[in-house]
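This is protein.pdb. It holds PDB, C-alpha atoms.
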```pdb
ATOM      1  CA  MET U 670      18.297 -23.650  13.328
ATOM      2  CA  SER U 671      17.792 -20.486  11.285
ATOM      3  CA  ALA U 672      14.451 -18.705  11.397
ATOM      4  CA  PRO U 673      12.136 -19.233   8.388
ATOM      5  CA  PRO U 674      11.920 -16.351   5.904
ATOM      6  CA  PRO U 675       9.081 -13.854   6.410
ATOM      7  CA  LEU U 676       5.763 -14.946   4.956
ATOM      8  CA  PRO U 677       4.585 -12.804   1.996
ATOM      9  CA  ALA U 678       1.407 -11.030   3.128
ATOM     10  CA  LEU U 679      -0.904  -9.265   0.659
ATOM     11  CA  LEU U 680      -3.794  -7.051   1.782
ATOM     12  CA  VAL U 681      -6.823  -6.709  -0.515
ATOM     13  CA  THR U 682      -9.047  -3.720   0.160
ATOM     14  CA  GLY U 683     -11.864  -1.856  -1.559
ATOM     15  CA  PHE U 684     -15.332  -0.525  -0.813
ATOM     16  CA  LEU U 685     -18.387  -2.673  -0.107
ATOM     17  CA  GLY U 686     -19.387  -4.829  -3.087
ATOM     18  CA  ALA U 687     -16.361  -3.916  -5.219
ATOM     19  CA  GLY U 688     -15.430  -7.554  -5.850
ATOM     20  CA  LYS U 689     -12.665  -8.362  -3.364
ATOM     21  CA  THR U 690     -13.898 -11.893  -2.665
ATOM     22  CA  THR U 691     -14.141 -12.652  -6.393
ATOM     23  CA  LEU U 692     -10.536 -11.534  -6.891
ATOM     24  CA  VAL U 693      -9.218 -13.634  -4.000
ATOM     25  CA  ALA U 694     -11.305 -16.661  -5.060
ATOM     26  CA  GLY U 695      -9.696 -16.484  -8.494
ATOM     27  CA  TRP U 696      -6.247 -16.527  -6.920
ATOM     28  CA  LEU U 697      -7.148 -19.525  -4.769
ATOM     29  CA  ALA U 698      -8.448 -21.434  -7.787
ATOM     30  CA  ALA U 699      -5.152 -20.867  -9.592
ATOM     31  CA  ARG U 700      -2.898 -21.599  -6.590
ATOM     32  CA  PRO U 701       0.270 -23.441  -7.668
ATOM     33  CA  ALA U 702       0.239 -27.123  -6.766
ATOM     34  CA  GLY U 703       2.239 -27.841  -3.664
ATOM     35  CA  GLU U 704       1.811 -24.396  -2.097
ATOM     36  CA  ARG U 705      -0.065 -23.896   1.175
ATOM     37  CA  TRP U 706      -1.933 -20.609   1.542
ATOM     38  CA  ALA U 707      -3.553 -18.923   4.504
ATOM     39  CA  VAL U 708      -6.441 -16.471   4.058
ATOM     40  CA  LEU U 709      -7.746 -14.107   6.732
ATOM     41  CA  VAL U 710     -11.096 -12.454   6.079
ATOM     42  CA  ASN U 711     -12.430  -9.482   8.028
ATOM     43  CA  GLU U 712     -16.198  -8.994   7.736
ATOM     44  CA  PHE U 713     -18.153  -6.132   9.264
ATOM     45  CA  GLY U 714     -21.267  -8.251   9.758
ATOM     46  CA  ALA U 715     -21.736 -11.126  12.172
ATOM     47  CA  LEU U 716     -22.208 -13.833   9.509
ATOM     48  CA  GLY U 717     -19.212 -15.264   7.693
ATOM     49  CA  ILE U 718     -20.465 -15.212   4.107
ATOM     50  CA  ASP U 719     -17.119 -14.350   2.489
ATOM     51  CA  ARG U 720     -15.329 -17.036   4.460
ATOM     52  CA  ALA U 721     -17.811 -19.627   3.208
ATOM     53  CA  LEU U 722     -17.349 -18.495  -0.411
ATOM     54  CA  LEU U 723     -13.554 -18.588  -0.202
ATOM     55  CA  ALA U 724     -13.507 -21.928   1.554
ATOM     56  CA  ARG U 725     -15.332 -23.391  -1.478
ATOM     57  CA  ALA U 726     -12.710 -21.874  -3.804
ATOM     58  CA  GLY U 727      -9.804 -23.341  -1.879
ATOM     59  CA  ASP U 728      -8.354 -26.821  -1.544
ATOM     60  CA  ALA U 729      -8.853 -28.507   1.823
ATOM     61  CA  GLY U 730      -5.508 -29.059   3.516
ATOM     62  CA  ALA U 731      -3.654 -26.661   1.224
ATOM     63  CA  VAL U 732      -5.773 -23.560   1.921
ATOM     64  CA  GLU U 733      -7.062 -22.469   5.316
ATOM     65  CA  VAL U 734      -9.528 -19.598   5.609
ATOM     66  CA  ALA U 735      -9.913 -17.857   8.964
ATOM     67  CA  GLU U 736     -12.277 -15.041   9.779
ATOM     68  CA  VAL U 737     -12.639 -12.007  12.009
ATOM     69  CA  ALA U 738     -16.290 -10.944  11.958
ATOM     70  CA  GLY U 739     -18.408  -8.404  13.763
ATOM     71  CA  GLY U 740     -16.363  -5.265  13.151
ATOM     72  CA  CYS U 741     -13.400  -3.665  11.386
ATOM     73  CA  ALA U 742     -10.001  -5.128  12.210
ATOM     74  CA  CYS U 743      -8.646  -1.577  12.172
ATOM     75  CA  CYS U 744     -10.615  -0.573  15.286
ATOM     76  CA  ALA U 745     -13.363  -2.585  17.049
ATOM     77  CA  ALA U 746     -11.963  -5.979  16.068
ATOM     78  CA  ARG U 747      -8.249  -5.102  16.294
ATOM     79  CA  VAL U 748      -7.522  -7.464  19.209
ATOM     80  CA  ALA U 749      -9.486 -10.312  17.606
ATOM     81  CA  PHE U 750      -7.667  -9.721  14.310
ATOM     82  CA  THR U 751      -4.215 -10.028  15.881
ATOM     83  CA  ALA U 752      -5.212 -13.098  17.911
ATOM     84  CA  THR U 753      -6.781 -14.856  14.919
ATOM     85  CA  LEU U 754      -3.797 -14.064  12.705
ATOM     86  CA  THR U 755      -1.382 -15.403  15.325
ATOM     87  CA  ARG U 756      -3.322 -18.680  15.580
ATOM     88  CA  LEU U 757      -3.421 -18.955  11.798
ATOM     89  CA  LEU U 758       0.342 -18.485  11.502
ATOM     90  CA  ARG U 759       0.948 -21.180  14.106
ATOM     91  CA  ARG U 760      -0.888 -23.660  11.899
ATOM     92  CA  GLY U 761       1.653 -23.137   9.147
ATOM     93  CA  PRO U 762       4.078 -23.204   7.553
ATOM     94  CA  TRP U 763       2.423 -21.270   4.732
ATOM     95  CA  ASP U 764       3.718 -20.065   1.394
ATOM     96  CA  ARG U 765       1.416 -17.043   1.201
ATOM     97  CA  LEU U 766      -0.955 -15.022   3.378
ATOM     98  CA  ILE U 767      -3.848 -13.083   1.858
ATOM     99  CA  VAL U 768      -5.865 -10.686   4.017
ATOM    100  CA  GLU U 769      -9.244  -9.522   2.707
ATOM    101  CA  ALA U 770     -10.354  -6.339   4.464
ATOM    102  CA  THR U 771     -13.937  -5.376   5.127
ATOM    103  CA  GLY U 772     -15.290  -2.781   2.715
ATOM    104  CA  LEU U 773     -15.648  -0.381   5.645
ATOM    105  CA  GLY U 774     -12.078  -0.840   6.858
ATOM    106  CA  HIS U 775      -9.265   1.706   7.034
ATOM    107  CA  PRO U 776      -6.299   0.090   5.244
ATOM    108  CA  ALA U 777      -3.582   2.141   6.947
ATOM    109  CA  GLN U 778      -4.540   0.773  10.347
ATOM    110  CA  LEU U 779      -4.716  -2.745   8.921
ATOM    111  CA  VAL U 780      -1.172  -2.445   7.569
ATOM    112  CA  ASP U 781      -0.083  -1.227  11.012
ATOM    113  CA  ALA U 782      -1.733  -4.300  12.547
ATOM    114  CA  LEU U 783       0.163  -6.581  10.150
ATOM    115  CA  ARG U 784       3.384  -4.818  11.174
ATOM    116  CA  ASP U 785       2.643  -5.201  14.869
ATOM    117  CA  PRO U 786       5.889  -5.709  16.861
ATOM    118  CA  ALA U 787       4.509  -9.058  18.041
ATOM    119  CA  LEU U 788       4.694 -10.228  14.400
ATOM    120  CA  ALA U 789       8.128  -8.733  13.694
ATOM    121  CA  GLY U 790      10.166 -10.890  11.337
ATOM    122  CA  ARG U 791       7.250 -13.212  10.568
ATOM    123  CA  LEU U 792       5.555 -11.285   7.745
ATOM    124  CA  ALA U 793       6.800  -9.501   4.619
ATOM    125  CA  VAL U 794       3.923  -7.058   4.167
ATOM    126  CA  MET U 795       3.385  -6.046   0.539
ATOM    127  CA  PRO U 796       1.760  -2.824  -0.655
ATOM    128  CA  PRO U 797      -2.031  -3.268  -0.720
ATOM    129  CA  VAL U 798      -4.214  -4.027  -3.727
ATOM    130  CA  ALA U 799      -7.591  -2.279  -4.018
ATOM    131  CA  VAL U 800     -10.635  -3.365  -6.029
ATOM    132  CA  VAL U 801     -12.853  -0.716  -7.662
ATOM    133  CA  ASP U 802     -16.268  -1.235  -9.249
ATOM    134  CA  ALA U 803     -16.279   0.691 -12.541
ATOM    135  CA  THR U 804     -20.083   0.891 -12.494
ATOM    136  CA  ARG U 805     -19.963   2.847  -9.229
ATOM    137  CA  ALA U 806     -17.412   5.472 -10.237
ATOM    138  CA  VAL U 807     -19.560   8.178  -8.675
ATOM    139  CA  LEU U 808     -18.412   6.894  -5.282
ATOM    140  CA  TYR U 809     -14.923   8.178  -6.084
ATOM    141  CA  GLU U 810     -15.954  11.297  -7.998
ATOM    142  CA  ASP U 811     -18.707  12.856  -5.856
ATOM    143  CA  PRO U 812     -17.523  14.256  -2.483
ATOM    144  CA  ALA U 813     -21.139  14.322  -1.269
ATOM    145  CA  ARG U 814     -21.530  10.588  -1.806
ATOM    146  CA  PRO U 815     -21.696   8.555   1.437
ATOM    147  CA  GLY U 816     -18.477   6.610   1.795
ATOM    148  CA  HIS U 817     -16.532   8.881  -0.598
ATOM    149  CA  ALA U 818     -13.768   9.767   1.868
ATOM    150  CA  LEU U 819     -13.249   6.165   2.950
ATOM    151  CA  ALA U 820     -13.226   4.904  -0.652
ATOM    152  CA  LEU U 821     -10.509   7.421  -1.550
ATOM    153  CA  GLU U 822      -8.533   6.473   1.551
ATOM    154  CA  GLN U 823      -8.576   2.854   0.426
ATOM    155  CA  LEU U 824      -7.263   3.840  -3.014
ATOM    156  CA  ALA U 825      -4.609   6.221  -1.708
ATOM    157  CA  LEU U 826      -2.700   3.427  -0.010
ATOM    158  CA  ALA U 827      -2.988   0.865  -2.813
ATOM    159  CA  ARG U 828      -0.152   0.365  -5.268
ATOM    160  CA  VAL U 829      -2.328  -1.646  -7.680
ATOM    161  CA  LEU U 830      -6.026  -1.225  -8.507
ATOM    162  CA  VAL U 831      -8.168  -3.926 -10.106
ATOM    163  CA  LEU U 832     -10.922  -2.126 -12.030
ATOM    164  CA  ASN U 833     -13.778  -4.609 -11.826
ATOM    165  CA  ARG U 834     -16.711  -4.686 -14.307
ATOM    166  CA  ALA U 835     -14.732  -2.544 -16.738
ATOM    167  CA  GLY U 836     -16.735  -3.964 -19.662
ATOM    168  CA  ALA U 837     -20.062  -2.877 -18.165
ATOM    169  CA  VAL U 838     -19.519   0.854 -18.760
ATOM    170  CA  PRO U 839     -19.674   2.795 -22.065
ATOM    171  CA  ASP U 840     -16.721   2.678 -24.458
ATOM    172  CA  GLY U 841     -13.906   4.921 -23.305
ATOM    173  CA  ARG U 842     -15.381   5.357 -19.821
ATOM    174  CA  ALA U 843     -13.288   2.593 -18.289
ATOM    175  CA  ASP U 844     -10.077   4.010 -19.786
ATOM    176  CA  ALA U 845     -10.875   7.516 -18.554
ATOM    177  CA  LEU U 846     -11.699   6.192 -15.095
ATOM    178  CA  ALA U 847      -8.508   4.113 -15.001
ATOM    179  CA  ASP U 848      -6.431   7.178 -15.894
ATOM    180  CA  ALA U 849      -8.138   9.270 -13.220
ATOM    181  CA  LEU U 850      -7.715   6.655 -10.507
ATOM    182  CA  ALA U 851      -4.101   5.953 -11.477
ATOM    183  CA  GLY U 852      -3.218   9.602 -10.961
ATOM    184  CA  LEU U 853      -4.895  10.155  -7.598
ATOM    185  CA  PRO U 854      -2.539  11.429  -4.873
ATOM    186  CA  PRO U 855      -0.260  10.822  -3.162
ATOM    187  CA  TRP U 856       1.587   8.698  -5.792
ATOM    188  CA  PRO U 857       0.721   7.128  -9.171
ATOM    189  CA  ARG U 858      -0.426   3.514  -9.196
ATOM    190  CA  THR U 859      -1.063   0.714 -11.708
ATOM    191  CA  VAL U 860      -4.647  -0.017 -12.791
ATOM    192  CA  ILE U 861      -5.568  -3.467 -14.140
ATOM    193  CA  PRO U 862      -8.964  -3.516 -15.927
ATOM    194  CA  SER U 863     -11.077  -6.641 -15.488
ATOM    195  CA  ALA U 864     -14.458  -7.625 -16.893
ATOM    196  CA  ASP U 865     -15.204 -10.199 -14.191
ATOM    197  CA  GLY U 866     -13.196  -9.079 -11.152
ATOM    198  CA  ARG U 867     -10.375 -11.530 -11.789
ATOM    199  CA  ALA U 868      -6.739 -10.602 -12.361
ATOM    200  CA  PRO U 869      -3.886 -13.143 -12.287
ATOM    201  CA  LEU U 870      -1.857 -12.912  -9.085
ATOM    202  CA  ALA U 871       1.356 -13.049 -11.117
ATOM    203  CA  ARG U 872       0.299  -9.910 -12.978
ATOM    204  CA  VAL U 873      -0.550  -8.144  -9.733
ATOM    205  CA  LEU U 874       2.813  -9.055  -8.192
ATOM    206  CA  GLU U 875       4.601  -7.892 -11.320
ATOM    207  CA  ALA U 876       2.787  -4.567 -11.114
ATOM    208  CA  LEU U 877       3.809  -4.263  -7.487
ATOM    209  CA  GLY U 878       7.402  -4.695  -8.549
ATOM    210  CA  ALA U 879       7.551  -7.619  -6.131
ATOM    211  CA  ASP U 880       9.023 -11.065  -6.166
ATOM    212  CA  ALA U 881       6.892 -11.936  -3.119
ATOM    213  CA  GLY U 882      10.030 -12.446  -1.041
ATOM    214  CA  PRO U 883      11.879 -10.631   1.733
ATOM    215  CA  GLY U 884      13.450  -7.297   0.895
ATOM    216  CA  LEU U 885      10.432  -6.366  -1.211
ATOM    217  CA  LEU U 886      11.027  -2.627  -0.837
ATOM    218  CA  ARG U 887      14.780  -2.340  -0.641
ATOM    219  CA  ARG U 888      16.026   1.227  -0.869
ATOM    220  CA  ALA U 889      16.626   2.147  -4.498
ATOM    221  CA  LEU U 890      17.831   5.407  -6.026
ATOM    222  CA  ARG U 891      16.607   6.405  -9.446
ATOM    223  CA  PRO U 892      19.409   8.523 -10.986
ATOM    224  CA  PRO U 893      18.449  12.080 -11.943
ATOM    225  CA  ARG U 894      17.335  12.450 -15.513
ATOM    226  CA  GLY U 895      16.649  15.443 -17.712
ATOM    227  CA  LEU U 896      13.010  16.053 -18.651
ATOM    228  CA  ASP U 897      12.227  19.219 -20.605
ATOM    229  CA  GLY U 898      14.879  21.100 -18.706
ATOM    230  CA  VAL U 899      13.708  19.771 -15.342
ATOM    231  CA  HIS U 900      15.824  17.344 -13.314
ATOM    232  CA  ASP U 901      14.373  14.901 -10.841
ATOM    233  CA  ALA U 902      15.671  12.418  -8.310
ATOM    234  CA  ALA U 903      13.770   9.916  -6.209
ATOM    235  CA  TRP U 904      14.550   7.761  -3.202
ATOM    236  CA  ARG U 905      12.673   4.870  -1.657
ATOM    237  CA  TRP U 906      13.236   3.112   1.686
ATOM    238  CA  SER U 907      11.791  -0.044   3.195
ATOM    239  CA  PRO U 908       8.658   0.454   5.328
ATOM    240  CA  GLU U 909      10.706  -1.030   8.182
ATOM    241  CA  GLN U 910      12.888   2.101   8.191
ATOM    242  CA  VAL U 911      11.837   4.353  11.082
ATOM    243  CA  TRP U 912      12.827   8.022  11.044
ATOM    244  CA  ASP U 913      13.461  10.453  13.847
ATOM    245  CA  ARG U 914      10.897  13.138  13.033
ATOM    246  CA  GLY U 915      12.773  15.987  14.728
ATOM    247  CA  ARG U 916      16.054  15.271  12.955
ATOM    248  CA  LEU U 917      14.216  14.602   9.697
ATOM    249  CA  TYR U 918      12.433  17.954   9.959
ATOM    250  CA  ASP U 919      15.780  19.704  10.520
ATOM    251  CA  ALA U 920      17.454  17.841   7.634
ATOM    252  CA  LEU U 921      14.717  18.618   5.104
ATOM    253  CA  ASP U 922      14.478  22.212   6.298
ATOM    254  CA  ALA U 923      18.223  22.597   5.812
ATOM    255  CA  LEU U 924      18.056  21.113   2.311
ATOM    256  CA  ALA U 925      14.999  23.036   1.084
ATOM    257  CA  GLY U 926      15.218  26.205   3.185
ATOM    258  CA  ASP U 927      16.873  29.473   2.223
ATOM    259  CA  GLY U 928      20.500  28.806   1.327
ATOM    260  CA  GLY U 929      19.923  25.041   1.290
ATOM    261  CA  ALA U 930      21.608  22.707  -1.177
ATOM    262  CA  LEU U 931      18.357  21.897  -2.984
ATOM    263  CA  ARG U 932      17.469  25.560  -3.297
ATOM    264  CA  ALA U 933      20.875  26.064  -4.916
ATOM    265  CA  CYS U 934      19.795  23.498  -7.532
ATOM    266  CA  GLY U 935      16.774  25.623  -8.421
ATOM    267  CA  LEU U 936      14.281  23.600  -6.379
ATOM    268  CA  LEU U 937      10.817  23.472  -7.944
ATOM    269  CA  ARG U 938       9.072  20.883  -5.817
ATOM    270  CA  ALA U 939       9.879  18.279  -3.206
ATOM    271  CA  LYS U 940       7.552  15.832  -1.530
ATOM    272  CA  GLY U 941       7.904  12.739   0.570
ATOM    273  CA  VAL U 942       6.334  10.324   3.025
ATOM    274  CA  PHE U 943       8.164   8.998   6.057
ATOM    275  CA  ARG U 944       7.506   6.521   8.836
ATOM    276  CA  THR U 945       8.345   7.713  12.348
ATOM    277  CA  SER U 946       7.788   5.873  15.616
ATOM    278  CA  ARG U 947       4.796   8.117  16.279
ATOM    279  CA  ALA U 948       3.003   8.066  12.895
ATOM    280  CA  TRP U 949       3.452   8.261   9.125
ATOM    281  CA  TYR U 950       3.850  11.805   7.811
ATOM    282  CA  GLY U 951       3.657  13.425   4.412
ATOM    283  CA  TRP U 952       5.909  16.410   3.657
ATOM    284  CA  GLN U 953       5.980  18.755   0.684
ATOM    285  CA  TRP U 954       7.681  21.910  -0.494
ATOM    286  CA  VAL U 955       6.219  23.682  -3.525
ATOM    287  CA  ASP U 956       6.258  27.142  -5.122
ATOM    288  CA  GLY U 957       8.670  28.586  -2.614
ATOM    289  CA  ALA U 958       6.527  27.628   0.365
ATOM    290  CA  GLY U 959       8.202  26.034   3.363
ATOM    291  CA  GLY U 960       7.787  22.378   4.172
ATOM    292  CA  HIS U 961       4.258  21.330   5.163
ATOM    293  CA  TRP U 962       3.745  18.265   7.383
ATOM    294  CA  GLN U 963       0.609  16.215   7.934
ATOM    295  CA  GLU U 964      -0.255  12.678   8.959
ATOM    296  CA  THR U 965      -0.870  10.344   6.029
ATOM    297  CA  GLY U 966      -2.518   6.982   5.421
ATOM    298  CA  TRP U 967       0.385   5.904   3.197
ATOM    299  CA  ARG U 968       2.114   2.719   4.431
ATOM    300  CA  ALA U 969       3.863   1.208   1.393
ATOM    301  CA  ASP U 970       7.324   2.673   1.993
ATOM    302  CA  SER U 971       9.190   5.848   2.853
ATOM    303  CA  ARG U 972      10.090   7.928  -0.195
ATOM    304  CA  LEU U 973      11.282  11.309  -1.370
ATOM    305  CA  GLU U 974      11.032  12.978  -4.785
ATOM    306  CA  VAL U 975      12.716  16.221  -5.819
ATOM    307  CA  LEU U 976      12.290  18.347  -8.976
ATOM    308  CA  ALA U 977      14.810  21.088  -9.756
ATOM    309  CA  LEU U 978      16.100  23.242 -12.609
ATOM    310  CA  ARG U 979      19.659  21.938 -12.249
ATOM    311  CA  PRO U 980      21.130  18.470 -11.585
ATOM    312  CA  ILE U 981      20.744  17.152  -8.031
ATOM    313  CA  ASP U 982      23.654  15.528  -6.209
ATOM    314  CA  PRO U 983      22.151  12.338  -4.691
ATOM    315  CA  GLN U 984      25.079  11.811  -2.339
ATOM    316  CA  MET U 985      24.472  15.227  -0.823
ATOM    317  CA  VAL U 986      20.860  14.323  -0.051
ATOM    318  CA  ASP U 987      21.909  10.907   1.275
ATOM    319  CA  GLU U 988      24.342  12.440   3.718
ATOM    320  CA  ALA U 989      21.846  15.036   4.898
ATOM    321  CA  LEU U 990      19.191  12.410   5.658
ATOM    322  CA  ARG U 991      21.464   9.802   7.204
ATOM    323  CA  THR U 992      21.425  11.475  10.625
ATOM    324  CA  ALA U 993      17.615  11.220  10.709
ATOM    325  CA  GLN U 994      17.462   7.461  10.190
ATOM    326  CA  GLY U 995      16.429   5.579  13.305
ATOM    327  CA  GLY U 996      13.609   5.871  15.933
ATOM    328  CA  GLY U 997      12.112   9.000  17.431
TER     329      GLY U 997
END
```
Hey, can you dump this file as C-alpha cells for me?
Amino acid sequence: MSAPPPLPALLVTGFLGAGKTTLVAGWLAARPAGERWAVLVNEFGALGIDRALLARAGDAGAVEVAEVAGGCACCAARVAFTATLTRLLRRGPWDRLIVEATGLGHPAQLVDALRDPALAGRLAVMPPVAVVDATRAVLYEDPARPGHALALEQLALARVLVLNRAGAVPDGRADALADALAGLPPWPRTVIPSADGRAPLARVLEALGADAGPGLLRRALRPPRGLDGVHDAAWRWSPEQVWDRGRLYDALDALAGDGGALRACGLLRAKGVFRTSRAWYGWQWVDGAGGHWQETGWRADSRLEVLALRPIDPQMVDEALRTAQGGG
C-alpha cells in the first residue's frame, strides 16, 4: 500500500492581539463540506482560551482542535508541541493542518519543528501567513517599542500578510502601511487588507502560489529579462533541499569573486538564502563587496537572485551550484 500524500500544513503567526484566532475561525467556518481539518494552537498562557474559541467555530467530528499551552512551541514547549502534533496526526486522516502560533513565538523555530525528521514525509509545510493589526503600526515602525524585533521577525518569514483592522485607520494610512510591510526584507510579500481580520483561505493560498499539495515549492527558474538596461535571473528550490555550506561558499565565491562568471556579466548585486544541515543562511554580494553570510530566520525555500549589466547564462549558474547540493 502506497503512503498517503503529505498533509498540507499552514502556520499562522503574528504578534499578540493581531487577530490570528479570528482569521483561523473564519477559515473553519468556511471549511468545504466533507473535509476533515486538524488545528493545533500554541498559547503562551496556561488557559486555553483560543482553543475554546476555535472549537466553537469548527464542526464536531470534522474539525479537531488540539492545544499546547504554557509556553512557546519554539523553545519551552518544543517537546510538548511535537508530541501533541504526533497524537493529532494519528487521529487522522486529515485534509488540512492549521497551526496557530503564540504571539510571542519565533516562527523560524516553529517551521523547523514542523519539518522535524520524525515527521518527514507526513507534512507539506507551506510558507507562513502573518496577521498584522493596522491600528498598532508603531510596533513595526518604532525600534524602541517592546516586541519590535520579534514582530519584525514574524513578518520576515511570512509570504502573505493579512492586514487586520485596515478600515480603522485614516484614509491612505492602510495603503501606505501595506506598501511598507510588503517591502520589508528579506523578500517582498503579498499583503491582504481586511476590515475584520478575515481573509478567504482560497485567496491566501492563491497569494502563496500554492495548490495546497505536495511539491509546493518545486524549483523554478525565472528567465532573465531586461529592465532598464539591467538583467536579472532568479532561482528557487524546495525547502527540503539541503546544501553543503562549504561547497556552496566556494561555488558562490567562484561565481561572484574576481574573474568569476557573474562578474564577467557586470554583476551589480546577488543575494540568496540557503538551507544547510547546520542552519539557514543568508548571503549577499553588493557594490563590489565580497559575499557576506549570516544566519537567517527565513524558512520558506532556498533561493538566489542576481542583477547584472549583461545577460546571465542560467545553465552556467546551475552547473556551478550543482556540486553544493546535498548535506553538510
Smallest atom-to-atom distance to Trp856 in chain U: which of U:Val768, U:Arg828, U:Gly926, U:Gln984, using all atoms listed in the file? U:Arg828
8 Å contact set for Gly772 in chain U, only C-alpha atoms, chain neighbours under 3 positions out, as a PyMOL selection string: chain U and resi 682-686+713
Tell me which of U:Ala687, U:Ala738, U:Leu917, U:Ala749 sits closest to Ala820 in chain U, counting all atoms listed in the file.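 Smallest distance to Ala820 in chain U is found for U:Ala687.
Each of U:Gly878, U:Gly836, U:Pro862, U:Pro674 was checked against Asp848 in chain U using all atoms listed in the file; the smallest atom-to-atom distance is that of U:Pro862.
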Between U:Ala871, U:Ala825, U:Leu936, U:Ala752, which has the minimum distance to Trp696 in chain U (counting all atoms listed in the file)?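 Nearest to Trp696 in chain U: U:Ala871.
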Using all atoms listed in the file, which residues sit within 8 Å of range 755-764 of chain U once same-chain residues fewer than 5 positions away are excluded, as number ranges by chain? U: 676-677, 704-707, 735
Measure the distance from CA of Asp922 in chain U to CA of Ala989 in chain U in Å and round it to one decimal.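 Separating CA of Asp922 in chain U from CA of Ala989 in chain U is a distance of 10.4 Å.
The two atoms in question, CA of Leu819 in chain U and CA of Gly774 in chain U, are spaced 8.1 Å apart.
Residues matching the PyMOL selection byres ((chain U and resi 967-973) around 6) in this structure come to Pro796, Leu826, Ala903, Trp904, Arg905, Trp906, Ser907, Pro908, Lys940, Gly941, Val942, Phe943, Thr965, Gly966 and Glu974 of chain U.
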Hey, which of U:Gly995, U:Pro786, U:Pro797, U:Pro776 ends up closest to Val873 in chain U? Count all atoms listed in the file.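 When distances to Val873 in chain U are compared using all atoms listed in the file, the smallest one comes from U:Pro797.
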Rounded to one decimal place, report the CA of Val794 in chain U-CA of Asp781 in chain U distance in Å. 9.8 Å
Result set, the PyMOL selection byres ((chain U and resi 710) around 6) on current file, as a ChimeraX atom specification: /U:709,711,736,768-769
Taking (9.4, 12.0, 12.3) in the file's coordinates as the center, which residues reach within 9 Å of it, counting only C-alpha atoms, put as a PDB file with C-alpha atoms, keeping the file's coordinate frame?
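File produced: out-v1.pdb:
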```pdb
ATOM      1  CA  VAL U 911      11.837   4.353  11.082  1.00  0.00           C
ATOM      2  CA  TRP U 912      12.827   8.022  11.044  1.00  0.00           C
ATOM      3  CA  ASP U 913      13.461  10.453  13.847  1.00  0.00           C
ATOM      4  CA  ARG U 914      10.897  13.138  13.033  1.00  0.00           C
ATOM      5  CA  GLY U 915      12.773  15.987  14.728  1.00  0.00           C
ATOM      6  CA  ARG U 916      16.054  15.271  12.955  1.00  0.00           C
ATOM      7  CA  LEU U 917      14.216  14.602   9.697  1.00  0.00           C
ATOM      8  CA  TYR U 918      12.433  17.954   9.959  1.00  0.00           C
ATOM      9  CA  PHE U 943       8.164   8.998   6.057  1.00  0.00           C
ATOM     10  CA  ARG U 944       7.506   6.521   8.836  1.00  0.00           C
ATOM     11  CA  THR U 945       8.345   7.713  12.348  1.00  0.00           C
ATOM     12  CA  SER U 946       7.788   5.873  15.616  1.00  0.00           C
ATOM     13  CA  ARG U 947       4.796   8.117  16.279  1.00  0.00           C
ATOM     14  CA  ALA U 948       3.003   8.066  12.895  1.00  0.00           C
ATOM     15  CA  TRP U 949       3.452   8.261   9.125  1.00  0.00           C
ATOM     16  CA  TYR U 950       3.850  11.805   7.811  1.00  0.00           C
ATOM     17  CA  ALA U 993      17.615  11.220  10.709  1.00  0.00           C
ATOM     18  CA  GLY U 996      13.609   5.871  15.933  1.00  0.00           C
ATOM     19  CA  GLY U 997      12.112   9.000  17.431  1.00  0.00           C
TER      20      GLY U 997
END
```
Decode the PyMOL selection byres ((chain U and resi 925) around 12) for the given file into explicit residues and return them as a PyMOL selection string. chain U and resi 918-924+926-940+952-961+975-977+986+989
Which of these, U:Gln994, U:Arg791, U:Val780, U:Pro839, has the shortest distance to Pro673 in chain U once you count only C-alpha atoms? U:Arg791
Find the spatial neighbours of Leu870 in chain U, counting all atoms listed in the file, within a cut-off of 10 Å - ignore same-chain residues fewer than 3 positions away - and output them as a PyMOL selection string. chain U and resi 692-693+695-697+699-700+867+873-876
